[in-house]
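Structure below is structure.csv: CSV, C-alpha atoms.
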```
chain,number,residue,atom,x,y,z
A,1,MET,CA,65.1,216.2,123.1
A,2,ALA,CA,65.0,212.9,121.3
A,3,LYS,CA,68.7,212.3,121.9
A,4,GLY,CA,68.3,213.0,125.7
A,5,PHE,CA,65.3,210.6,125.8
A,6,LEU,CA,67.3,207.8,124.2
A,7,ALA,CA,70.2,208.5,126.5
A,8,ASN,CA,67.9,208.2,129.5
A,9,LEU,CA,66.4,205.0,128.0
A,10,LYS,CA,69.8,203.2,128.5
A,11,GLY,CA,69.1,203.2,132.2
A,12,VAL,CA,66.4,200.5,131.9
A,13,ASP,CA,68.7,198.1,130.0
A,14,ALA,CA,68.5,194.8,131.8
A,15,PHE,CA,71.3,193.3,129.7
A,16,GLY,CA,74.4,195.1,130.7
A,17,LYS,CA,77.5,194.4,128.6
A,18,THR,CA,81.2,194.1,129.4
A,19,THR,CA,84.0,194.8,127.1
A,20,ASP,CA,86.2,192.0,125.8
A,21,ASP,CA,89.3,193.2,127.6
A,22,VAL,CA,87.7,192.6,131.0
A,23,LYS,CA,86.3,189.2,130.2
A,24,VAL,CA,88.0,186.2,131.7
A,25,LYS,CA,87.8,182.8,129.9
A,26,THR,CA,88.5,179.6,131.7
A,27,ARG,CA,88.7,175.9,130.9
A,28,THR,CA,85.9,175.3,133.5
A,29,GLY,CA,83.7,177.8,131.7
A,30,ALA,CA,84.4,176.1,128.4
A,31,PHE,CA,83.5,172.7,129.9
A,32,LEU,CA,80.2,174.1,131.3
A,33,THR,CA,79.4,175.7,128.0
A,34,LEU,CA,79.8,172.4,126.1
A,35,LEU,CA,77.8,170.5,128.8
A,36,SER,CA,75.1,173.1,128.7
A,37,ALA,CA,74.8,172.8,124.9
A,38,ALA,CA,74.5,169.0,125.2
A,39,ILE,CA,71.8,169.2,127.9
A,40,ILE,CA,69.9,171.8,125.9
A,41,LEU,CA,70.0,169.8,122.7
A,42,SER,CA,68.9,166.6,124.5
A,43,PHE,CA,66.1,168.2,126.4
A,44,THR,CA,64.9,170.0,123.2
A,45,VAL,CA,64.8,166.8,121.2
A,46,MET,CA,62.8,165.1,124.0
A,47,GLU,CA,60.4,168.0,124.1
A,48,PHE,CA,60.0,167.8,120.3
A,49,VAL,CA,59.3,164.1,120.4
A,50,ASP,CA,56.8,164.7,123.2
A,51,TYR,CA,55.2,167.5,121.1
A,52,ARG,CA,54.8,165.1,118.1
A,53,ARG,CA,53.4,162.3,120.2
A,54,ILE,CA,49.7,161.6,120.2
A,55,TYR,CA,48.0,161.1,123.5
A,56,THR,CA,44.5,159.6,124.0
A,57,ASP,CA,42.3,161.1,126.7
A,58,THR,CA,39.4,159.0,127.9
A,59,SER,CA,36.2,160.4,129.3
A,60,LEU,CA,32.8,159.1,130.3
A,61,VAL,CA,29.5,160.8,129.3
A,62,VAL,CA,25.9,159.8,129.2
A,63,ASP,CA,25.0,158.0,126.0
A,64,ARG,CA,22.2,160.1,124.4
A,65,SER,CA,21.7,158.1,121.3
A,66,ARG,CA,18.2,156.9,120.5
A,67,GLY,CA,16.6,154.4,118.1
A,68,GLU,CA,19.9,153.0,116.9
A,69,LYS,CA,20.7,149.4,115.9
A,70,LEU,CA,23.7,147.3,116.5
A,71,THR,CA,25.4,144.8,114.3
A,72,VAL,CA,26.5,141.5,116.0
A,73,ARG,CA,29.2,139.6,114.2
A,74,LEU,CA,29.0,136.0,115.2
A,75,ASN,CA,31.1,132.9,114.5
A,76,VAL,CA,30.5,129.8,116.6
A,77,THR,CA,31.2,126.1,116.0
A,78,PHE,CA,29.3,123.3,117.6
A,79,PRO,CA,31.2,120.0,117.0
A,80,ARG,CA,28.4,117.7,118.1
A,81,VAL,CA,25.2,119.5,117.0
A,82,PRO,CA,24.0,118.9,113.4
A,83,CYS,CA,23.0,122.0,111.5
A,84,TYR,CA,19.4,120.8,111.1
A,85,LEU,CA,19.0,120.9,114.9
A,86,LEU,CA,20.5,124.4,115.3
A,87,SER,CA,18.2,127.4,115.5
A,88,LEU,CA,19.2,131.0,115.8
A,89,ASP,CA,16.6,133.4,117.4
A,90,ILE,CA,16.8,136.9,118.7
A,91,MET,CA,14.4,138.5,121.2
A,92,ASP,CA,14.6,141.9,122.9
A,93,ILE,CA,12.8,143.9,125.6
A,94,SER,CA,10.9,145.9,123.0
A,95,GLY,CA,8.9,142.8,122.0
A,96,GLU,CA,10.7,142.3,118.7
A,97,THR,CA,11.4,138.7,117.9
A,98,GLN,CA,13.5,137.3,115.0
A,99,ARG,CA,13.1,133.5,114.6
A,100,ASP,CA,15.1,131.0,112.6
A,101,ILE,CA,17.3,133.7,111.2
A,102,SER,CA,18.9,132.8,107.9
A,103,HIS,CA,19.5,136.3,106.3
A,104,ASN,CA,23.2,137.2,106.4
A,105,VAL,CA,23.8,133.9,108.4
A,106,LEU,CA,25.6,130.9,107.0
A,107,LYS,CA,25.5,127.4,108.4
A,108,THR,CA,28.3,125.0,107.4
A,109,ARG,CA,28.1,121.3,108.1
A,110,LEU,CA,31.2,119.8,109.6
A,111,GLU,CA,32.5,116.2,109.7
A,112,PRO,CA,33.1,114.6,113.2
A,113,SER,CA,36.8,115.5,112.7
A,114,GLY,CA,35.9,119.2,112.3
A,115,LYS,CA,36.5,119.4,108.5
A,116,VAL,CA,34.0,121.3,106.3
A,117,ILE,CA,31.8,119.0,104.3
A,118,PRO,CA,32.2,120.2,100.6
A,119,GLY,CA,29.1,121.9,99.2
A,120,SER,CA,27.3,122.0,102.6
A,121,ARG,CA,27.1,125.8,103.1
A,122,SER,CA,23.4,126.7,103.3
A,123,ALA,CA,20.9,128.3,105.7
A,124,ASP,CA,19.0,125.0,106.4
A,125,LEU,CA,17.1,122.3,104.5
A,126,ARG,CA,14.7,124.6,102.7
A,127,ASN,CA,16.5,124.5,99.4
A,128,ASP,CA,15.5,120.8,98.9
A,129,VAL,CA,12.0,121.6,100.3
A,130,ASP,CA,11.5,124.3,97.7
A,131,LYS,CA,12.4,121.9,95.0
A,132,TYR,CA,9.9,119.4,96.3
A,133,ASN,CA,7.2,122.1,96.5
A,134,ASP,CA,7.8,123.2,92.9
A,135,ALA,CA,6.9,119.7,91.8
A,136,LYS,CA,3.5,119.7,93.5
A,137,ALA,CA,0.2,120.5,91.8
A,138,PRO,CA,-0.8,124.2,92.2
A,139,ASP,CA,-4.0,123.2,94.1
A,140,TYR,CA,-2.3,120.8,96.4
A,141,CYS,CA,-3.3,121.1,100.1
A,142,GLY,CA,-1.6,118.8,102.5
A,143,SER,CA,-3.1,117.5,105.7
A,144,CYS,CA,-2.1,118.8,109.1
A,145,TYR,CA,-2.9,115.4,110.7
A,146,GLY,CA,-5.0,116.9,113.5
A,147,GLY,CA,-2.5,119.7,114.3
A,148,LEU,CA,-3.4,123.4,114.5
A,149,ALA,CA,-3.6,124.4,110.9
A,150,PRO,CA,-2.2,127.8,109.7
A,151,ALA,CA,-4.4,130.5,108.2
A,152,SER,CA,-4.2,128.8,104.8
A,153,GLY,CA,-5.6,125.6,106.3
A,154,CYS,CA,-2.9,123.5,104.5
A,155,CYS,CA,0.4,121.9,105.7
A,156,ASN,CA,2.3,121.4,102.5
A,157,THR,CA,5.7,120.7,104.0
A,158,CYS,CA,7.0,118.6,106.8
A,159,GLU,CA,8.0,121.8,108.6
A,160,GLU,CA,4.5,123.1,108.5
A,161,VAL,CA,3.2,119.8,110.0
A,162,ARG,CA,5.7,120.1,112.8
A,163,THR,CA,4.6,123.6,113.5
A,164,ALA,CA,1.0,122.6,113.5
A,165,TYR,CA,1.8,119.8,116.1
A,166,ILE,CA,3.7,122.2,118.3
A,167,ASN,CA,0.9,124.8,118.2
A,168,LYS,CA,-1.5,122.1,119.2
A,169,GLY,CA,0.7,121.0,122.1
A,170,TRP,CA,1.5,117.6,120.6
A,171,SER,CA,4.9,115.9,120.3
A,172,PHE,CA,6.3,115.3,116.8
A,173,THR,CA,7.8,111.9,117.4
A,174,ASN,CA,7.1,109.9,114.2
A,175,PRO,CA,7.9,111.8,111.0
A,176,ASP,CA,7.9,108.6,109.0
A,177,ALA,CA,4.1,108.5,109.3
A,178,ILE,CA,3.7,111.9,107.7
A,179,GLU,CA,3.3,112.0,104.0
A,180,GLN,CA,5.1,115.3,103.5
A,181,CYS,CA,8.1,114.2,105.6
A,182,LYS,CA,8.4,110.9,103.7
A,183,ASN,CA,8.3,112.7,100.3
A,184,GLU,CA,11.0,115.2,101.4
A,185,GLY,CA,13.2,112.4,102.7
A,186,TRP,CA,13.3,114.2,106.1
A,187,SER,CA,14.2,111.1,108.2
A,188,ASP,CA,17.0,110.1,105.8
A,189,LYS,CA,18.5,113.6,106.0
A,190,LEU,CA,18.4,113.6,109.8
A,191,LYS,CA,20.1,110.2,109.9
A,192,GLU,CA,22.7,111.2,107.4
A,193,GLN,CA,23.6,114.3,109.5
A,194,ALA,CA,23.2,112.7,112.9
A,195,ASN,CA,26.9,112.6,113.7
A,196,GLU,CA,27.9,115.9,112.1
A,197,GLY,CA,28.8,119.3,113.7
A,198,CYS,CA,27.9,122.8,112.6
A,199,ASN,CA,29.5,126.2,112.2
A,200,ILE,CA,27.2,129.2,112.2
A,201,ALA,CA,28.6,132.6,111.2
A,202,GLY,CA,27.2,135.9,110.0
A,203,ARG,CA,26.0,139.3,111.0
A,204,LEU,CA,22.8,140.1,113.0
A,205,ARG,CA,21.0,143.4,113.3
A,206,VAL,CA,19.6,144.0,116.7
A,207,ASN,CA,17.9,146.9,118.5
A,208,LYS,CA,20.0,148.9,120.9
A,209,VAL,CA,18.0,147.6,123.9
A,210,ILE,CA,18.2,144.7,126.3
A,211,GLY,CA,17.9,141.5,124.4
A,212,ASN,CA,19.2,138.0,123.9
A,213,ILE,CA,20.5,135.7,121.2
A,214,HIS,CA,19.6,132.0,121.3
A,215,LEU,CA,21.6,129.2,119.7
A,216,SER,CA,19.4,126.3,120.7
A,217,PRO,CA,18.2,122.9,119.3
A,218,GLY,CA,15.1,122.4,117.3
A,219,LYS,CA,13.0,125.3,116.1
A,220,SER,CA,11.1,127.8,118.3
A,221,PHE,CA,7.5,128.7,117.8
A,222,GLN,CA,5.2,131.2,119.4
A,223,SER,CA,1.9,129.9,120.8
A,224,SER,CA,-0.3,131.7,123.3
A,225,ALA,CA,2.4,134.4,123.9
A,226,ARG,CA,4.8,131.8,125.2
A,227,ASN,CA,8.1,130.5,123.7
A,228,ILE,CA,7.9,126.8,123.1
A,229,TYR,CA,10.9,124.8,121.9
A,230,GLU,CA,10.5,121.5,120.0
A,231,LEU,CA,13.3,119.3,121.5
A,232,VAL,CA,12.2,115.9,120.3
A,233,PRO,CA,14.8,115.4,117.6
A,234,TYR,CA,17.5,116.6,119.9
A,235,LEU,CA,16.5,114.2,122.7
A,236,ARG,CA,15.8,111.3,120.4
A,237,ASP,CA,18.1,108.3,121.0
A,238,ASP,CA,19.7,108.0,117.6
A,239,GLY,CA,22.9,106.4,118.8
A,240,ASN,CA,25.0,109.6,118.5
A,241,LYS,CA,26.3,111.8,121.2
A,242,HIS,CA,24.8,115.3,121.1
A,243,ASP,CA,25.8,118.2,123.4
A,244,PHE,CA,26.3,121.9,123.1
A,245,SER,CA,30.0,122.1,123.5
A,246,HIS,CA,31.2,125.0,121.4
A,247,THR,CA,34.0,127.3,120.3
A,248,ILE,CA,33.3,131.0,120.0
A,249,HIS,CA,35.7,132.2,117.3
A,250,GLN,CA,34.3,135.7,117.2
A,251,LEU,CA,31.5,137.7,119.0
A,252,SER,CA,31.6,141.4,118.6
A,253,PHE,CA,29.2,144.4,118.6
A,254,GLU,CA,29.8,146.8,115.8
A,255,GLY,CA,28.5,150.2,114.8
A,256,ASP,CA,27.6,151.4,111.3
A,257,ASP,CA,30.8,153.4,111.1
A,258,GLU,CA,32.8,150.2,111.1
A,259,TYR,CA,31.5,149.4,107.6
A,260,ASP,CA,33.0,152.5,106.2
A,261,TYR,CA,36.4,151.5,105.0
A,262,ARG,CA,38.3,154.6,106.0
A,263,LYS,CA,36.6,154.9,109.4
A,264,ALA,CA,37.0,151.2,110.0
A,265,LYS,CA,40.8,151.4,109.4
A,266,ILE,CA,41.1,154.4,111.8
A,267,GLY,CA,39.0,152.6,114.4
A,268,ARG,CA,41.2,149.4,114.2
A,269,GLU,CA,44.3,151.5,114.6
A,270,MET,CA,43.0,153.3,117.7
A,271,LYS,CA,41.7,150.0,119.2
A,272,ALA,CA,45.1,148.4,118.7
A,273,ARG,CA,46.8,151.4,120.3
A,274,LEU,CA,44.5,151.2,123.3
A,275,GLY,CA,44.6,147.4,123.6
A,276,LEU,CA,40.9,147.1,122.6
A,277,ASP,CA,41.4,145.1,119.4
A,278,THR,CA,40.3,141.8,121.0
A,279,ASN,CA,36.9,140.8,122.4
A,280,PRO,CA,36.4,138.9,125.7
A,281,LEU,CA,34.8,135.9,124.1
A,282,ASP,CA,37.0,135.6,121.0
A,283,ASP,CA,38.6,132.2,120.6
A,284,THR,CA,37.1,130.8,123.8
A,285,LEU,CA,36.3,127.1,124.2
A,286,HIS,CA,33.4,125.7,126.4
A,287,ARG,CA,32.9,121.9,126.8
A,288,THR,CA,30.4,119.6,128.4
A,289,SER,CA,29.6,115.9,128.1
A,290,LYS,CA,26.0,116.3,129.0
A,291,ALA,CA,23.1,116.6,126.5
A,292,GLN,CA,20.9,118.6,128.8
A,293,TYR,CA,23.3,121.5,129.5
A,294,MET,CA,22.8,125.2,129.2
A,295,PHE,CA,25.5,127.9,128.6
A,296,GLN,CA,24.6,131.5,129.4
A,297,TYR,CA,26.6,134.6,128.7
A,298,PHE,CA,25.7,137.9,130.3
A,299,LEU,CA,27.1,140.8,128.3
A,300,LYS,CA,27.3,144.5,129.2
A,301,VAL,CA,27.7,146.4,125.9
A,302,VAL,CA,29.3,149.9,126.2
A,303,SER,CA,29.1,152.4,123.4
A,304,THR,CA,32.5,153.7,122.5
A,305,GLN,CA,33.5,156.7,120.4
A,306,PHE,CA,36.9,157.5,118.9
A,307,ARG,CA,37.8,161.1,118.0
A,308,THR,CA,40.8,161.8,115.8
A,309,LEU,CA,43.0,164.8,115.6
A,310,ASP,CA,41.5,165.9,112.2
A,311,GLY,CA,37.9,165.8,113.7
A,312,LYS,CA,36.7,162.4,112.5
A,313,ILE,CA,34.3,160.5,114.8
A,314,ILE,CA,34.1,156.7,114.8
A,315,HIS,CA,31.3,155.0,116.7
A,316,SER,CA,32.0,151.5,118.0
A,317,HIS,CA,31.2,149.2,120.9
A,318,GLN,CA,32.9,147.0,123.5
A,319,TYR,CA,31.6,144.7,126.1
A,320,SER,CA,32.3,142.8,129.3
A,321,VAL,CA,31.0,139.3,130.0
A,322,THR,CA,30.2,136.9,132.8
A,323,HIS,CA,29.6,133.2,132.1
A,324,PHE,CA,27.1,130.8,133.8
A,325,GLU,CA,26.6,127.1,133.1
A,326,ARG,CA,23.7,124.9,134.3
A,327,ASP,CA,23.0,121.2,134.2
A,328,LEU,CA,19.3,120.9,133.2
A,329,ALA,CA,19.2,117.2,134.2
A,330,GLU,CA,18.9,118.4,137.8
A,331,GLY,CA,15.7,120.2,137.0
A,332,GLY,CA,14.9,123.3,139.1
A,333,LEU,CA,17.1,122.1,142.0
A,334,GLY,CA,20.8,121.7,142.3
A,335,ASP,CA,23.9,121.9,144.5
A,336,THR,CA,27.1,123.9,144.1
A,337,PRO,CA,30.5,122.2,144.5
A,338,GLN,CA,30.6,123.7,148.0
A,339,GLY,CA,27.4,121.9,148.9
A,340,VAL,CA,25.1,124.9,148.7
A,341,HIS,CA,21.6,124.0,147.6
A,342,LEU,CA,20.2,126.0,144.7
A,343,GLN,CA,16.7,126.4,143.3
A,344,HIS,CA,16.1,127.8,139.7
A,345,GLY,CA,12.9,129.6,139.2
A,346,VAL,CA,13.0,129.4,135.4
A,347,SER,CA,13.2,126.2,133.4
A,348,GLY,CA,16.1,126.1,131.0
A,349,VAL,CA,16.7,124.8,127.4
A,350,PRO,CA,19.9,123.2,126.2
A,351,GLY,CA,22.0,125.6,124.1
A,352,ALA,CA,24.1,128.7,124.2
A,353,PHE,CA,22.3,132.0,125.2
A,354,PHE,CA,23.9,135.4,124.9
A,355,ASN,CA,22.0,137.9,127.0
A,356,PHE,CA,23.1,141.5,126.3
A,357,GLU,CA,22.4,144.7,128.1
A,358,ILE,CA,23.2,148.2,126.9
A,359,SER,CA,25.1,150.5,129.2
A,360,PRO,CA,23.9,154.1,129.5
A,361,ILE,CA,27.5,155.3,129.5
A,362,LEU,CA,29.4,156.4,126.5
A,363,VAL,CA,33.2,156.0,126.6
A,364,VAL,CA,35.0,158.7,124.5
A,365,HIS,CA,38.6,158.3,123.4
A,366,THR,CA,40.0,161.6,122.1
A,367,ASP,CA,43.3,162.0,120.4
A,368,THR,CA,45.2,165.1,121.6
A,369,ARG,CA,48.6,166.6,121.0
A,370,GLN,CA,50.5,169.5,122.7
A,371,SER,CA,50.2,172.8,121.1
A,372,PHE,CA,53.1,174.5,119.3
A,373,ALA,CA,53.0,177.4,121.8
A,374,HIS,CA,53.5,174.9,124.6
A,375,PHE,CA,56.5,173.4,122.7
A,376,VAL,CA,58.1,176.9,122.2
A,377,THR,CA,57.5,177.8,125.8
A,378,SER,CA,59.0,174.6,127.1
A,379,THR,CA,62.0,175.0,124.8
A,380,CYS,CA,62.6,178.6,126.0
A,381,ALA,CA,62.3,177.4,129.6
A,382,ILE,CA,64.9,174.7,129.0
A,383,VAL,CA,67.4,177.0,127.3
A,384,GLY,CA,67.0,179.7,129.9
A,385,GLY,CA,67.0,177.3,132.9
A,386,VAL,CA,70.1,175.4,131.8
A,387,LEU,CA,72.1,178.6,131.0
A,388,THR,CA,71.1,180.2,134.3
A,389,VAL,CA,72.1,177.2,136.3
A,390,ALA,CA,75.4,176.9,134.3
A,391,SER,CA,76.2,180.6,134.8
A,392,LEU,CA,75.6,180.3,138.6
A,393,LEU,CA,77.8,177.2,138.8
A,394,ASP,CA,80.5,178.9,136.8
A,395,SER,CA,80.4,181.9,139.0
A,396,VAL,CA,80.7,179.8,142.1
A,397,LEU,CA,83.6,177.7,140.7
A,398,PHE,CA,85.4,180.8,139.5
A,399,ALA,CA,85.0,182.7,142.8
A,400,THR,CA,86.2,179.6,144.7
A,401,SER,CA,89.2,179.2,142.5
A,402,ARG,CA,90.3,182.8,143.0
A,403,ALA,CA,89.8,182.6,146.7
A,404,LEU,CA,92.0,179.5,146.9
A,405,LYS,CA,94.7,181.1,144.8
A,406,LYS,CA,94.7,184.2,147.0
A,407,GLN,CA,94.9,182.0,150.1
A,408,GLY,CA,97.8,180.1,148.7
A,409,SER,CA,99.7,183.3,147.8
A,410,GLY,CA,99.3,184.6,151.3
A,411,VAL,CA,100.8,181.5,152.9
A,412,LYS,CA,103.9,181.7,150.7
A,413,VAL,CA,104.6,185.3,151.7
A,414,MET,CA,104.6,184.5,155.3
```
Translate this structure into structure tokens?
Amino acid sequence: MAKGFLANLKGVDAFGKTTDDVKVKTRTGAFLTLLSAAIILSFTVMEFVDYRRIYTDTSLVVDRSRGEKLTVRLNVTFPRVPCYLLSLDIMDISGETQRDISHNVLKTRLEPSGKVIPGSRSADLRNDVDKYNDAKAPDYCGSCYGGLAPASGCCNTCEEVRTAYINKGWSFTNPDAIEQCKNEGWSDKLKEQANEGCNIAGRLRVNKVIGNIHLSPGKSFQSSARNIYELVPYLRDDGNKHDFSHTIHQLSFEGDDEYDYRKAKIGREMKARLGLDTNPLDDTLHRTSKAQYMFQYFLKVVSTQFRTLDGKIIHSHQYSVTHFERDLAEGGLGDTPQGVHLQHGVSGVPGAFFNFEISPILVVHTDTRQSFAHFVTSTCAIVGGVLTVASLLDSVLFATSRALKKQGSGVKVM
């Protein structure tokens, strides 16, 4: 019974065999066999390389993150603005304001030639002011000279007197008449640094909302819910040329993952592979010869996520930027080079202003690789396809050769 079943099973054999004595081997068949082997080997190697290659798929999803903060890495040089005139402020749409930032920010005084002045790295002039304050009597209470006094009722430093004047709406034009300023040597310091430049570099923490970063002259104060800038030292005729020409060495938005060494290394590698390792404003130069000149940069910050093959997720950011310049000497009116008349509804301040907006889109870059099953399937298809085509070609050539031989034999007999 079993033997009969096995005998009947031979009928479904799809791979019929021929005996060696009925096989015909030809030189054409040998050539096609070698050619087929070479093609199979080449295609299999290419398929293996493709199997090992890492591809990056990019997709767009809605950014659902909430309550996050961004780190802004900033490095800007102003060759004709002294450090004492440079103020760094941050404001955002949530109402949070950071003024005269010095934490994690370093100001470096520069010679007119651009060289760093030795021993000049500091946040501002407060170090010398603190030394002067330490020498005062504990009960010392300086006059505010008619300005709006702070809650303590005392103005013990030149800076506090300047603030009191601004809050009162007065112009601070004669510091030599102020006792605190004379004792601190304020005027002498300004004159000493009048022809210097300044480099400001550091990291800033900002909310992940619409905001702006101000690099402007003087110091900003808040009075009656309005932003007032004291510009008198900047506009004073001290015999030196001051303008806000600048070089942006680096401006980038970073996520917290980029301060993890391992994740930061992976993120840099993926950025380099995708061509995202440079920022639009890095190493850009902007020049003007006018003191009353405003540079504005409008940045669209896009959250970016990198996903590796082993499941690691790195959060980062990239941005696009548009640039706008404005001559403030024209006031609220102006003309374009094409002769179009313009009217500005908002008065400007000389300086460099970076206005950033957060995109609601999250860009996801995911590393992928072909599965091993796909590689095996492709390899089998290559082997089967090449051998099938070679077998058909060999059959055609062999049949054609036999037909030609028969036809030649028939001609000779006649």
Shell around A:Thr77 at 7 Å using all atoms listed in the file, local window under 6 positions removed, as number ranges by chain:
A: 198-200, 246-248
Selection from above, C-alpha atoms, as a PDB file, in the coordinates of the input, can you write it?
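Saved file part_8.pdb follows:
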```pdb
ATOM      1  CA  CYS A 198      27.900 122.800 112.600  1.00  0.00           C
ATOM      2  CA  ASN A 199      29.500 126.200 112.200  1.00  0.00           C
ATOM      3  CA  ILE A 200      27.200 129.200 112.200  1.00  0.00           C
ATOM      4  CA  HIS A 246      31.200 125.000 121.400  1.00  0.00           C
ATOM      5  CA  THR A 247      34.000 127.300 120.300  1.00  0.00           C
ATOM      6  CA  ILE A 248      33.300 131.000 120.000  1.00  0.00           C
TER       7      ILE A 248
END
```
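Near stretch 381-398 of chain A, within a cut-off of 9 Å and counting all atoms listed in the file, sit the residues Thr26, Thr28, Gly29, Leu32, Thr33, Leu35, Ser36, Ala37, Ile39, Ile40, Leu41, Phe43, Thr44, Val376, Thr377, Arg402 and Ala403 of chain A, with same-chain residues fewer than 4 positions away left out.
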Output file for the residues above (C-alpha atoms, as a PDB file, in the frame of the given file):
```pdb
ATOM      1  CA  THR A  26      88.500 179.600 131.700  1.00  0.00           C
ATOM      2  CA  THR A  28      85.900 175.300 133.500  1.00  0.00           C
ATOM      3  CA  GLY A  29      83.700 177.800 131.700  1.00  0.00           C
ATOM      4  CA  LEU A  32      80.200 174.100 131.300  1.00  0.00           C
ATOM      5  CA  THR A  33      79.400 175.700 128.000  1.00  0.00           C
ATOM      6  CA  LEU A  35      77.800 170.500 128.800  1.00  0.00           C
ATOM      7  CA  SER A  36      75.100 173.100 128.700  1.00  0.00           C
ATOM      8  CA  ALA A  37      74.800 172.800 124.900  1.00  0.00           C
ATOM      9  CA  ILE A  39      71.800 169.200 127.900  1.00  0.00           C
ATOM     10  CA  ILE A  40      69.900 171.800 125.900  1.00  0.00           C
ATOM     11  CA  LEU A  41      70.000 169.800 122.700  1.00  0.00           C
ATOM     12  CA  PHE A  43      66.100 168.200 126.400  1.00  0.00           C
ATOM     13  CA  THR A  44      64.900 170.000 123.200  1.00  0.00           C
ATOM     14  CA  VAL A 376      58.100 176.900 122.200  1.00  0.00           C
ATOM     15  CA  THR A 377      57.500 177.800 125.800  1.00  0.00           C
ATOM     16  CA  ARG A 402      90.300 182.800 143.000  1.00  0.00           C
ATOM     17  CA  ALA A 403      89.800 182.600 146.700  1.00  0.00           C
TER      18      ALA A 403
END
```
Residue nearest A:Gly147 among A:Lys406, A:Arg162, A:Lys107, A:Lys265 (counting all atoms listed in the file)
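When distances to A:Gly147 are compared using all atoms listed in the file, the smallest one comes from A:Arg162.
Using only C-alpha atoms, the set of residues no farther than 12 Å from the position (-3.4, 112.0, 112.5) comprises Ser143, Cys144, Tyr145, Gly146, Gly147, Leu148, Val161, Ala164, Tyr165, Trp170, Phe172, Asn174, Pro175, Ala177, Ile178 and Glu179 of chain A.
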Extract, using all atoms listed in the file, all DNA, RNA and protein residues at most 8 Å from A:Arg109, discarding same-chain residues fewer than 6 positions from it, and format them as a ChimeraX atom specification.
/A:82-83,116-117,120-121,196-199
Calculated over only C-alpha atoms, which of the candidates A:Thr322, A:Asn212, A:Gln180, A:Asn167 has the smallest distance to A:Asp92?
A:Asn212
Residues near stretch 307-318 of chain A, anyone? I mean within 7 Å using all atoms listed in the file, not counting same-chain ones fewer than 2 positions away, as a PDB file with C-alpha atoms, in the coordinates of the input.
```
ATOM      1  CA  PHE A 253      29.200 144.400 118.600  1.00  0.00           C
ATOM      2  CA  GLU A 254      29.800 146.800 115.800  1.00  0.00           C
ATOM      3  CA  GLY A 255      28.500 150.200 114.800  1.00  0.00           C
ATOM      4  CA  ASP A 257      30.800 153.400 111.100  1.00  0.00           C
ATOM      5  CA  LYS A 263      36.600 154.900 109.400  1.00  0.00           C
ATOM      6  CA  GLY A 267      39.000 152.600 114.400  1.00  0.00           C
ATOM      7  CA  VAL A 301      27.700 146.400 125.900  1.00  0.00           C
ATOM      8  CA  VAL A 302      29.300 149.900 126.200  1.00  0.00           C
ATOM      9  CA  SER A 303      29.100 152.400 123.400  1.00  0.00           C
ATOM     10  CA  THR A 304      32.500 153.700 122.500  1.00  0.00           C
ATOM     11  CA  GLN A 305      33.500 156.700 120.400  1.00  0.00           C
ATOM     12  CA  HIS A 365      38.600 158.300 123.400  1.00  0.00           C
ATOM     13  CA  THR A 366      40.000 161.600 122.100  1.00  0.00           C
ATOM     14  CA  ASP A 367      43.300 162.000 120.400  1.00  0.00           C
ATOM     15  CA  THR A 368      45.200 165.100 121.600  1.00  0.00           C
TER      16      THR A 368
END
```
Suppose you want the space between atom CA of A:His374 and atom CA of A:Phe306; what is it in Å?
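Computing the Euclidean distance for atom CA of A:His374 and atom CA of A:Phe306 yields 24.7 Å.
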In Å, rounded to a single decimal, give me how far atom CA of A:Pro360 is from atom CA of A:Leu281.
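Value for the atom CA of A:Leu281-atom CA of A:Pro360 distance: 21.9 Å.
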Using all atoms listed in the file, which of the listed residues (A:Ser59, A:Glu184, A:Arg203, A:Val76) sits closest to A:Val105?
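Nearest candidate to A:Val105 out of A:Ser59, A:Glu184, A:Arg203, A:Val76: A:Arg203.
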